[in-house]
Amino acid sequence: MSIVRHFDRLCAIRDSLEARLELREARYCLGSEDLDDGTTRDLRDRLAEIAEEIHALGHRPLEFAL
């Protein structure tokens with residue numbers, strides 16, 4: 001998989017995770033009591049992993065084929 005496609009895939013995953021996290025936080029603000037199951041923490045952890053991988057790709061030297 002090319003770096004650009006991999007980067008785009010990671011960004012799409014990140015966007016999806018952020019949307020799910022925002023939804024959970026909004027539900028929590030509205031008083032939903034069933035949210036203390038660790039899912040929010042898992043989403044935050046996965047977002048951190050994705051962010052690190054995106055950061056690493058952004059700082060990776062470009063490889064050119066000769």
# chains A, B, ... in the order shown; residues from 1 in each chain; ligands from 1
call {"tool": "select_by_dssp", "arguments": {"residues": "chain A", "states": "helix (DSSP H, G or I)", "output": "PyMOL selection string"}}
result
chain A and resi 3-29+39-58
call {"tool": "residues_around", "arguments": {"residues": "region 39-47 of chain A", "least_positions_apart": "2", "cutoff": "12 Å", "atoms": "only C-alpha atoms", "output": "PyMOL selection string"}}
result
chain A and resi 10-28+34-37+49-54
call {"tool": "write_last_selection", "arguments": {"atoms": "C-alpha atoms", "output": "mmCIF file, in the first residue's frame"}}
result
data_model
loop_
_atom_site.group_PDB
_atom_site.id
_atom_site.type_symbol
_atom_site.label_atom_id
_atom_site.label_comp_id
_atom_site.auth_asym_id
_atom_site.auth_seq_id
_atom_site.Cartn_x
_atom_site.Cartn_y
_atom_site.Cartn_z
ATOM 1 C CA LEU A 10 -5.535 6.330 8.843
ATOM 2 C CA CYS A 11 -7.185 9.741 8.547
ATOM 3 C CA ALA A 12 -10.530 8.101 7.740
ATOM 4 C CA ILE A 13 -10.189 5.800 10.760
ATOM 5 C CA ARG A 14 -9.251 8.768 12.947
ATOM 6 C CA ASP A 15 -12.277 10.752 11.747
ATOM 7 C CA SER A 16 -14.587 7.810 12.448
ATOM 8 C CA LEU A 17 -13.170 7.310 15.947
ATOM 9 C CA GLU A 18 -13.463 11.028 16.706
ATOM 10 C CA ALA A 19 -17.107 11.015 15.596
ATOM 11 C CA ARG A 20 -17.878 8.003 17.809
ATOM 12 C CA LEU A 21 -16.124 9.644 20.764
ATOM 13 C CA GLU A 22 -18.013 12.916 20.273
ATOM 14 C CA LEU A 23 -21.304 11.009 20.146
ATOM 15 C CA ARG A 24 -20.492 9.158 23.381
ATOM 16 C CA GLU A 25 -19.503 12.404 25.096
ATOM 17 C CA ALA A 26 -22.708 14.088 23.926
ATOM 18 C CA ARG A 27 -24.786 11.167 25.226
ATOM 19 C CA TYR A 28 -22.941 11.377 28.545
ATOM 20 C CA ASP A 34 -24.743 3.268 30.416
ATOM 21 C CA LEU A 35 -21.486 4.793 29.183
ATOM 22 C CA ASP A 36 -19.129 3.735 31.947
ATOM 23 C CA ASP A 37 -18.077 0.532 30.199
ATOM 24 C CA GLU A 49 -2.338 5.227 18.420
ATOM 25 C CA ILE A 50 -3.686 6.486 15.097
ATOM 26 C CA ALA A 51 -2.372 10.001 15.790
ATOM 27 C CA GLU A 52 1.103 8.611 16.496
ATOM 28 C CA GLU A 53 1.074 6.594 13.289
ATOM 29 C CA ILE A 54 -0.118 9.594 11.242
#
